[in-house]
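Next comes work23.pdb, with PDB, C-alpha atoms.
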ATOM      1  CA  MET A   1     -14.647  -3.375  -2.171  1.00  0.00           C
ATOM      2  CA  ILE A   2     -11.005  -2.789  -1.213  1.00  0.00           C
ATOM      3  CA  THR A   3      -8.894  -5.749  -0.048  1.00  0.00           C
ATOM      4  CA  PHE A   4      -5.253  -6.006   1.005  1.00  0.00           C
ATOM      5  CA  LYS A   5      -2.949  -8.940   0.224  1.00  0.00           C
ATOM      6  CA  GLU A   6       0.430  -9.096   1.968  1.00  0.00           C
ATOM      7  CA  PHE A   7       3.497 -10.597   0.283  1.00  0.00           C
ATOM      8  CA  SER A   8       6.911 -11.444   1.729  1.00  0.00           C
ATOM      9  CA  LEU A   9       9.841 -10.446  -0.455  1.00  0.00           C
ATOM     10  CA  SER A  10      13.540 -11.084  -0.031  1.00  0.00           C
ATOM     11  CA  GLY A  11      14.614  -8.168   2.121  1.00  0.00           C
ATOM     12  CA  GLY A  12      11.111  -6.855   2.798  1.00  0.00           C
ATOM     13  CA  TRP A  13       7.408  -7.072   2.060  1.00  0.00           C
ATOM     14  CA  LYS A  14       4.612  -5.336   0.208  1.00  0.00           C
ATOM     15  CA  VAL A  15       0.852  -5.149   0.398  1.00  0.00           C
ATOM     16  CA  GLU A  16      -1.132  -5.239  -2.827  1.00  0.00           C
ATOM     17  CA  VAL A  17      -4.246  -3.086  -2.747  1.00  0.00           C
ATOM     18  CA  ARG A  18      -7.109  -4.582  -4.747  1.00  0.00           C
ATOM     19  CA  LYS A  19     -10.471  -3.155  -5.725  1.00  0.00           C
ATOM     20  CA  SER A  20     -13.011  -5.800  -6.724  1.00  0.00           C
ATOM     21  CA  GLY A  21     -10.075  -8.187  -7.199  1.00  0.00           C
ATOM     22  CA  VAL A  22      -8.099  -5.853  -9.499  1.00  0.00           C
ATOM     23  CA  HIS A  23      -4.627  -4.685  -8.400  1.00  0.00           C
ATOM     24  CA  VAL A  24      -4.907  -0.880  -8.025  1.00  0.00           C
ATOM     25  CA  GLY A  25      -1.882  -0.014  -5.877  1.00  0.00           C
ATOM     26  CA  THR A  26       0.847  -1.106  -3.489  1.00  0.00           C
ATOM     27  CA  ILE A  27       1.823  -0.294   0.092  1.00  0.00           C
ATOM     28  CA  ARG A  28       5.539  -0.388   0.877  1.00  0.00           C
ATOM     29  CA  ARG A  29       7.843   0.747   3.647  1.00  0.00           C
ATOM     30  CA  ALA A  30      11.481   1.711   3.010  1.00  0.00           C
ATOM     31  CA  THR A  31      12.761   0.952   6.531  1.00  0.00           C
ATOM     32  CA  ALA A  32      11.319  -0.072   9.877  1.00  0.00           C
ATOM     33  CA  ASP A  33      11.479   3.585  10.992  1.00  0.00           C
ATOM     34  CA  SER A  34       9.879   5.110   7.897  1.00  0.00           C
ATOM     35  CA  PRO A  35       6.148   5.620   7.331  1.00  0.00           C
ATOM     36  CA  TYR A  36       4.088   3.271   5.205  1.00  0.00           C
ATOM     37  CA  ALA A  37       3.620   4.615   1.682  1.00  0.00           C
ATOM     38  CA  TYR A  38       0.798   3.936  -0.778  1.00  0.00           C
ATOM     39  CA  TYR A  39       1.647   3.952  -4.478  1.00  0.00           C
ATOM     40  CA  LYS A  40      -1.548   4.263  -6.519  1.00  0.00           C
ATOM     41  CA  GLY A  41      -1.539   2.246  -9.741  1.00  0.00           C
ATOM     42  CA  LYS A  42      -0.422  -1.269 -10.591  1.00  0.00           C
ATOM     43  CA  ASP A  43       3.036  -0.327 -11.900  1.00  0.00           C
ATOM     44  CA  ASN A  44       3.700   2.899  -9.959  1.00  0.00           C
ATOM     45  CA  GLN A  45       6.887   2.665  -7.881  1.00  0.00           C
ATOM     46  CA  LEU A  46       7.858   6.343  -7.719  1.00  0.00           C
ATOM     47  CA  THR A  47       4.935   8.605  -6.838  1.00  0.00           C
ATOM     48  CA  VAL A  48       3.523   8.295  -3.321  1.00  0.00           C
ATOM     49  CA  SER A  49      -0.198   9.041  -3.019  1.00  0.00           C
ATOM     50  CA  LEU A  50      -0.572   8.649   0.770  1.00  0.00           C
ATOM     51  CA  ARG A  51       1.742   8.138   3.774  1.00  0.00           C
ATOM     52  CA  ASN A  52       1.092   7.189   7.378  1.00  0.00           C
ATOM     53  CA  ALA A  53       3.119   5.820  10.287  1.00  0.00           C
ATOM     54  CA  SER A  54       0.241   3.411  11.046  1.00  0.00           C
ATOM     55  CA  LEU A  55      -0.541   0.662   8.534  1.00  0.00           C
ATOM     56  CA  ASP A  56      -4.129   0.417   9.809  1.00  0.00           C
ATOM     57  CA  GLU A  57      -4.666   4.177   9.431  1.00  0.00           C
ATOM     58  CA  LEU A  58      -3.183   4.104   5.933  1.00  0.00           C
ATOM     59  CA  LYS A  59      -5.529   1.268   4.949  1.00  0.00           C
ATOM     60  CA  LYS A  60      -8.498   3.285   6.250  1.00  0.00           C
ATOM     61  CA  ALA A  61      -7.371   6.323   4.241  1.00  0.00           C
ATOM     62  CA  ILE A  62      -7.040   4.196   1.090  1.00  0.00           C
ATOM     63  CA  GLU A  63     -10.533   2.771   1.596  1.00  0.00           C
ATOM     64  CA  LYS A  64     -11.929   6.286   2.073  1.00  0.00           C
ATOM     65  CA  ASP A  65     -10.083   7.598  -1.013  1.00  0.00           C
ATOM     66  CA  SER A  66     -11.262   4.762  -3.286  1.00  0.00           C
TER      67      SER A  66
END

structure tokens encoding of this file:
Amino acid sequence: MITFKEFSLSGGWKVEVRKSGVHVGTIRRATADSPYAYYKGKDNQLTVSLRNASLDELKKAIEKDS
């Protein structure tokens, strides 16, 4: 089961993507005008796996991909 946990950070936020409680990726957004980006892997901060302008649509795509 995929779950999403949102965190506030100084200057922004992130969403941890978890599968059965294990951190498997992160959703971030560079600016308010940029699309949401999913980085697959706990420590991946460079390679984007999926992008979408809609956070809900991106979450659905992540669930489908997992």

What does the PyMOL selection byres ((chain A and resi 26-30) around 8) select in this file, as a CSV table (one decimal) with C-alpha atoms, in the coordinates of the input?
chain,number,residue,atom,x,y,z
A,13,TRP,CA,7.4,-7.1,2.1
A,14,LYS,CA,4.6,-5.3,0.2
A,15,VAL,CA,0.9,-5.1,0.4
A,16,GLU,CA,-1.1,-5.2,-2.8
A,17,VAL,CA,-4.2,-3.1,-2.7
A,24,VAL,CA,-4.9,-0.9,-8.0
A,25,GLY,CA,-1.9,0.0,-5.9
A,31,THR,CA,12.8,1.0,6.5
A,32,ALA,CA,11.3,-0.1,9.9
A,34,SER,CA,9.9,5.1,7.9
A,35,PRO,CA,6.1,5.6,7.3
A,36,TYR,CA,4.1,3.3,5.2
A,37,ALA,CA,3.6,4.6,1.7
A,38,TYR,CA,0.8,3.9,-0.8
A,39,TYR,CA,1.6,4.0,-4.5
A,40,LYS,CA,-1.5,4.3,-6.5
A,41,GLY,CA,-1.5,2.2,-9.7
A,42,LYS,CA,-0.4,-1.3,-10.6

query: Restricting the calculation to all atoms listed in the file, which member of A:His23, A:Ile62, A:Glu6, A:Gly11 is positioned closest to A:Asn44?
result: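 Nearest candidate to A:Asn44 out of A:His23, A:Ile62, A:Glu6, A:Gly11: A:His23.
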
- prompt: Near A:Lys60, within 12 Å and counting all atoms listed in the file, which residues show up once chain neighbours fewer than 5 positions away are dropped, as a list in words?
  reply: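 The residues satisfying every condition are Ile2, Thr3, Phe4, Val17, Tyr38, Leu50, Arg51, Asn52, Ser54, Leu55, Asp65 and Ser66 of chain A.
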
One-decimal distance in Å that lies between atom CA of A:Gly21 and atom CA of A:Lys5: 10.3 Å

message: Using Å and a single decimal, report how far atom CA of A:Met1 sits from atom CA of A:Arg18.
response: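 Pair atom CA of A:Arg18 / atom CA of A:Met1 returns 8.1 Å.
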
message: Report, in Å with one decimal, the straight-line distance from atom CA of A:Asp33 to atom CA of A:Ser10.
response: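 For atom CA of A:Asp33 relative to atom CA of A:Ser10, the distance reads 18.5 Å.
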
Put a box with edges along x, y and z around all the listed atoms of stretch 24-40 of chain A, pad it by 8 Å on each side, then give me its centre and sizes in Å, one decimal, as lines of an AutoDock Vina configuration file.
center_x = 3.9
center_y = 2.3
center_z = 1.5
size_x = 33.7
size_y = 22.7
size_z = 35.0

- request: Kindly indicate which residue among A:Lys19, A:Val48, A:Gly12, A:Phe7 lies nearest to A:Glu63, using all atoms listed in the file for the distances.
  value: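 Nearest candidate to A:Glu63 out of A:Lys19, A:Val48, A:Gly12, A:Phe7: A:Lys19.
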